[in-house]
Structures are given as C-alpha cells and as structure tokens.
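Working notes, structure below.
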Amino acid sequence: MATVAVQVWASLQLPAMMANIINEGIMAGDMGYIWSTGLVMVGFAALTSVCAFFANFMAARVGAAFARDVREDFFKQVLSFSISEIDDFSTASLITRTTNDISQVQQAVVMCMSMALRAPMTCVLSIVQAIATAPDMTWIIALAVLTILGLTVLIMSIVMPKFTLIQKLTDRITLLTRENLTGLRVIRAFNNEQKEAKRFAKTNDENTRMSIIVDTILSLESPLISLVFNGVTLACIWIGISLISKDFAYLGNMMAFMQYAIQVVMSFLFLTMLFVILPRANVSAKRINEVMEKRSKIEWKKETTGKADLAPSVEFSHVDFSYQGAEEKVLQDVSFLAKAGETTAFIGSTGSGKSTLINLVPRFYDATSGEVKINGINLKNYAQNDLMRRIGYVPQRGRLFAGTVRSNILFGAPEADDEVMVKAARISQSEEFIEKLEKKYDSHIAQGGTNVSGGQRQRLSIARAIAKNPDIYIFDDSFSALDMKTDAKLRAALKPVTENAVTLIVAQRISTIRHADQIVVLDKGKVVGKGNHYKLLKECEIYREIAKSQLSDKEFETEMKKSQKGGNNA
C-alpha cells in the first residue's frame with residue numbers, strides 16, 4: 001500500500017513540474033531552471049518505475065500464494081467427500097474448478113492488488129490537482145467520467161449472464177475430453193470416432209460462439225474509451241487555446257490539466273478492466289464456494305467409540321440402500337455375518353447390488369437403513385483413519401498411480417520394508433513379471449498403470465492390499481482379468497495370509513468362489529440364498545442357473561450329484 005501511494009504521489013508531481021518548466025523556465029528563458037527541474041522529473045519518473053515494479057511483483061506473489069492455498073484447501077475438501085458428493089459435481093466439473101476457476105480468481109486478486117488501490121487514488125488526486133490547476137476546465141473531466149461509467153454499466157449488464165454459461169460449457173468440454181480419452185479404445189472398437197468428434201464439436205462450437213459474443217462486446221469498450229480519451233484531449237486543447245488567447249501564461253496550466261485529465265481517464269480505464277475480470281472471477285468464486293461449502297453426507301467420529309472385538313468380523317443387519325433421488329432400493333433387508341478366517345463371497349446377475357453392498361463396508365456410502373458393523377462396532381462410530389487401516393480394498397478395475405512398482409505396492413503401508421513388499425508381490429503372483437522389468441521394483445508405472453497389462457494392474461492392486469495386512473480383505477471382482485491358472489495359484493497363496501482376517505469377494509465366476517465358506521446370492525438387491533457351494537446348488541434356483549450357465553453339462557451334473565450327497569464341504 002505504501003509503495004502504491006508513493007508511486008501515485010510521484011507520478012502526479014510530473015504534470016505540475018512540466019507546467020513550471022513552461023511558465024517559469026521557457027517563458028523566462030531560464031535554462032538553469034529547465035535543466036534542474038528536468039533532472040528532478042527524471043528522478044521522480046525513476047521512483048515511479050521502481051515503485052510500480054515492486055507493487056506488481058508483490059501483487060503477483062500474493063496472487064500466486066493465494067491460488068496455491070485455495071487449490072490445496074479445495075483439493076483437501078474434495079478428498080473429504082464421499083462418493084455421493086463426487087457424483088453431485090462430476091469429476092470433470094471438479095477438475096475445471098480446480099484449474100480454470102481458481103486461475104480466474106487468482107487473476108482477479110492480482111489485478112485488484114495492482115489496480116484497486118492505485119486507480120481510485122490516482123483518479124481522486126488527479127481531479128484535486130486538475131481543479132487546483134485549471135478550475136475552468138474541470139467540467140471536461142466530469143463529462144468524461146460519466147460517459148465511461150455509463151458505457152461500463154451497459155456492457156457489463158449484457159455480458160455478465162454469459163460468463164456463467166461459458167463456465168458451464170467449459171465443464172462440458174472437460175467432461176467430453178476426459179470421457180473420450182479414457183474410453184478411446186471402446187470408441188475405436190465401435191468405429192465411433194466421427195460421432196464423438198461431432199458431439200465434441202457441437203459443445204466446442206457453442207462455447208466458441210458464446211466466447212466470440214462476449215469478446216466482441218468487451219472489445220467495443222476499448223475503442224469507445226479511446227474515443228472518450230481523444231475527446232478529452234481535444235476538449236482540453238480547444239478550451240485551453242481560448243483561455244491562452246486571454247493570458248499566454250495559462251499555457252503551462254493547460255498542459256498540466258491535460259495530463260491530469262488523461263490520468264483520470266486512464267484510472268477509469270484500469271477500473272473498467274477490473275469490471276471485466278471481477279464478474280468472471282465472481283462466477284468462478286461462486287463455483288469454488290459451492291464445493292468448499294458442501295458438507296459430506298458422511299460424518300466421521302474424531303475417535304472411535306466402543307470396544308472392537310478381538311476377532312475381525314463384518315455384519316450386515318437388515319440393511320437397505322438407495323441412491324439419492326432414486327425411487328427403487330438397490331439393497332433390501334440384507335443380513336449376513338462374515339467371520340475371521342472365513343471367505344464370504346457375493347454373486348448374482350448384473351445389477352443385483354453386489355458392488356454396492358461391498359462399497360458400504362469401507363463406508364463409501366452410508367446404508368439408508370439397518371446397521372453395518374465392523375469388528376462389532378457400528379460403522380458410524382468409527383474414526384475414518386481407524387476404519388480404513390482395518391480394510392484392504394481391491395477395486396473392480398485395478399487403479400495404479402504414477403510412480404514405481406514399489407510406491408504402488410506400499411501405497412497403503414508406506415512404512416513397510418522390502419520384505420513385506422516382496423512377500424505381497426509373491427502372493428499376488430506379481431513377482432514373476434516384476435523381476436523381468438529392467439529396474440524391477442523401482443520400474444516406472446505410468447498414470448493409471450497404462451504401461452502394464454490389465455492382469456498385471458489387478459495383481460499389483462491385490463499386492464497393495466496384502467502389504468497393508470488388514471483385518472478385512474475386500475475383492476470387488478478383482479480376479480476377473482486373471483486366467484484360471486493364475487487365479488487358482490493366487491487364491492491358494494492368499495489363504496494362509498487371510499486365515500485371521502475376513503475375506504469378502506465379489507465374483508462373476510463360480511470357479512472363483514466355489515470353495516468359499518459362505519456364498520451370498522443376490523437378486524435385485526435381495527438375499528435369495530446363503531450357504532456354501534453345494535448347499536446353494538441344492539436349495540437356490542438362481543445359483544443353480546448361474547452354475548449351469550458357466551459349467552459344462554458334465555461338470556454341472558457332477559456338482560449336482562455331490563450336492564445331493566452333501567458335497568465335500570456341505
């Protein structure tokens with residue numbers, strides 16, 4: 001603030017000095033006065049430049065720091081959201097708000113620090129100096145100011161509503177870009193490149209059209225301001241000449257007044273630049289605040305309340321679940337108990353609610369009604385860190401992060417040593433392909449794991465859960481990308497590791513879960529069967545239909561005979 005004040009004060013001394021040079025130097029023929037005053041003007045100009053540089057530097061630094069802090073807080077807020085809140089905004093919109101919107105606000109902060117104080121201060125002091133220098137001509141400044149204000153209000157009233165629409169279209173472009181890049185293989189496989197290109201072009205053209213309209217309207221401001229600027233200059237000369245004809249000594253005052261008038265017009269020009277940036281930044285700030293003010297539907301305890309059982313367990317008691325705004329329930333009256341040392345599997349047709357059920361265990365969503373307990377404690381009584389450290393989660397699609405094989409395996413257990421990492425890789429059947437990599441465990445993994453195969457991604461995701469050594473293992477159809485041989489070897493190696501933990505498996509293949517201690521069959525969100533493989537073959541029609549669709553006639557007939565006899569593990 002002090003730097004800006006010095007800059008304004010120093011710059012406003014120059015017109016008065018110029019007037020003195022004309023009136024007292026040139027008119028009197030005093031070359032010494034002209035040189036001495038000229039040198040002082042150079043000094044003031046240098047001071048103005050130094051202060052302007054420092055003020056702009058500080059504005060840029062504060063703006064960058066502000067954007068950094070907002071972006072960090074914004075990212076932390078997004079990380080605190082449940083899946084429901086993420087779905088409310090969409091991933092594409094959150095990306096746009098993190099990048100484009102925060103940049104718009106940053107630009108506004110820099111401009112405010114650079115112009116918000118300097119322009120009004122320059123304007124007020126210039127008007128005061130102008131009145132003191134040539135009071136007969138001050139009406140010119142008043143007319144120019146009113147004209148500029150009228151033009152600015154008119155232009156902003158037209159473009160303001162369009163700023164919001166442009167940001168929404170930017171969200172849409174981000175969404176389409178992300179959707180097409182992540183689904184590029186599917187698009188090419190179905191030869192739909194032209195269709196997707198047209199869909200993108202439609203939104204892009206709409207955004208371009210709207211941007212052209214806004215930019216065209218805003219571009220009118222510059223020539224109109226220039227017209228006012230030139231008009232002020234001509235008016236000053238016109239009026240000044242008529243006054244000089246009466247008193248030639250008025251020449252210096254006229255020159256000084258003209259410069260003060262120009263300073264006033266320039267100040268309002270800078271303010272109009274703010275009026276262009278601030279409305280757009282205001283739209284962006286509202287979009288940022290929508291996220292920052294959003295409160296997660298899932299509230300975590302600061303500390304876990306209740307005493308956990310020594311033996312891990314997962315219990316569902318009459319659980320219902322429906323997504324927000326949905327009329328039908330995804331899960332209805334689901335009850336089961338999964339004990340330590342046992343494998344509980346979930347199977348059913350597509351849309352039966354298997355993955356939704358699994359997502360309730362790490363509390364990605366809260367049950368609409370009923371109760372979910374982990375180790376005897378209701379999920380709602382857990383602190384987030386306490387719950388998550390007990391769970392090893394392997395999603396349906398193996399998700400890896402940019403880094404190395406090492407950093408991905410130890411993602412959930414960063415303090416673990418190499419022995420734990422190698423053991424996890426061996427159990428997950430990842431060791432063989434890791435050893436073939438050039439840098440082995442220090443080999444690079446691209447974002448999303450795009451430089452390894454789907455099966456390798458899944459095995460590394462499984463290794464990540466194993467390295468964590470949790471109480472509860474969740475495998476959400478995590479063996480689907482593995483061949484039958486690797487699947488069997490992995491499950492055999494996994495059995496000793498999970499003998500004191502709860503294992504929950506969502507699967508599509510009977511072969512993956514046939515040896516599970518408990519299989520829960522779901523149909524349209526309801527539990528229609530519960531028991532081991534042979535019991536379900538005997539008692540559950542839906543399970544029999546699934547088995548019949550996956551087994552050969554001979555295998556199915558053999559399994560049915562075993563079920564009639566009680567089976568090997570009935």
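Ordering of the structure tokens sets the chain letters (A, B, ...); residue numbers start at 1 within each chain; ligands are numbered from 1 in the order shown.
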Q: Find the spatial neighbours of segment 112-117 of chain A, counting only C-alpha atoms, within a cut-off of 12 Å - ignore same-chain residues fewer than 2 positions away - and output them as an NGL selection string.
A: :A and (1-8 or 51-63 or 105-110 or 119-124 or 266-278 or 281)
Q: Give me every strand (DSSP E) residue in segment 104-324 of chain A, going by DSSP on the backbone, as JSON, numbers by chain.
A: {"A": [313, 314, 315, 316, 317, 318, 319, 320, 321]}
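One finds atom CA of Lys76 of chain A at 23.1 Å from atom CA of Lys168 of chain A.
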**Q.** Among the residues A:Asn207, A:Ser563, A:Ser511, A:Ser93, the one that comes closest to Val291 of chain A [using only C-alpha atoms]
**A.** A:Ser93
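You will find atom CA of Ile409 of chain A at 4.2 Å from atom CA of Arg464 of chain A.
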Q.
Neighbouring residues of Lys307 of chain A were defined as those with any atom within 10 Å, considering only C-alpha atoms; residues of the same chain fewer than 4 positions away were excluded. Please report them as a list in words.
A. Asn375, Gly376 and Ile377 of chain A
With all heavy atoms retained, export the selected residues as an mmCIF file, in the first residue's frame.
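Output below, filename again28.cif:
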```
data_model
loop_
_atom_site.group_PDB
_atom_site.id
_atom_site.type_symbol
_atom_site.label_atom_id
_atom_site.label_comp_id
_atom_site.auth_asym_id
_atom_site.auth_seq_id
_atom_site.Cartn_x
_atom_site.Cartn_y
_atom_site.Cartn_z
ATOM 1 N N ASN A 375 -16.046 -55.496 13.166
ATOM 2 C CA ASN A 375 -15.475 -55.950 14.451
ATOM 3 C C ASN A 375 -16.388 -55.596 15.623
ATOM 4 O O ASN A 375 -15.936 -55.212 16.704
ATOM 5 C CB ASN A 375 -14.091 -55.348 14.674
ATOM 6 C CG ASN A 375 -13.110 -55.759 13.596
ATOM 7 O OD1 ASN A 375 -13.461 -56.485 12.663
ATOM 8 N ND2 ASN A 375 -11.884 -55.297 13.680
ATOM 9 N N GLY A 376 -17.701 -55.684 15.393
ATOM 10 C CA GLY A 376 -18.665 -55.460 16.459
ATOM 11 C C GLY A 376 -19.058 -54.018 16.698
ATOM 12 O O GLY A 376 -19.885 -53.727 17.561
ATOM 13 N N ILE A 377 -18.468 -53.064 15.948
ATOM 14 C CA ILE A 377 -18.766 -51.643 16.134
ATOM 15 C C ILE A 377 -19.470 -51.102 14.890
ATOM 16 O O ILE A 377 -19.040 -51.370 13.765
ATOM 17 C CB ILE A 377 -17.476 -50.825 16.391
ATOM 18 C CG1 ILE A 377 -16.766 -51.316 17.652
ATOM 19 C CG2 ILE A 377 -17.790 -49.338 16.523
ATOM 20 C CD1 ILE A 377 -15.454 -50.610 17.915
#
```
(Q) Need to verify the contact set: Met560 of chain A, 10 Å, only C-alpha atoms, exclusion of same-chain residues closer than 3 positions in sequence. Can you return it as a list in words? (A)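 Residues meeting the cut-off are Tyr534, Lys535, Leu537, Lys538, Arg544, Ala547, Lys548, Lys554, Glu555, Phe556, Glu557, Ser563, Gln564, Lys565, Gly566 and Gly567 of chain A.
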(Q) With distances taken over only C-alpha atoms, which residue among A:Glu499, A:Pro312, A:Glu327, A:Phe257 lies nearest Met137 of chain A? (A) A:Phe257
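Straight-line separation from atom CA of Asp553 of chain A to atom CA of Glu342 of chain A: 29.9 Å.
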Q: Write out as a list in words each polymer residue whose atoms come within 9 Å of Lys489 of chain A, counting only C-alpha atoms; drop sequence neighbours fewer than 4 positions from it.
A: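 Selected residues are Ile427, Ser428, Gln429, Met484, Lys485, Ala493 and Leu494 of chain A.
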Q: May I ask which of the residues A:Ile141, A:Asn282, A:Leu227, A:Thr343 is the closest one to Ile127 of chain A, counting only C-alpha atoms?
A: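 The shortest atom-to-atom distance to Ile127 of chain A comes from A:Ile141.
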(Q) Env of segment 440-444 of chain A: 6 Å cut, atoms = only C-alpha atoms, seq-sep filter 4 positions within chain, self excluded. Answer as a list of chain:residue names. (A)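 Listed by chain and then number, they are A:Gly403, A:Thr404, A:Val405, A:Arg406, A:Ile434, A:Glu435.
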Deliver the residues from the most recent selection as a file, using C-alpha atoms, as a CSV table (one decimal), in the first residue's frame.
```csv
chain,number,residue,atom,x,y,z
A,403,GLY,CA,5.3,-43.7,-9.6
A,404,THR,CA,7.1,-47.0,-9.3
A,405,VAL,CA,6.1,-50.6,-8.6
A,406,ARG,CA,7.4,-50.1,-5.1
A,434,ILE,CA,8.2,-57.6,-11.8
A,435,GLU,CA,11.5,-59.5,-11.9
```
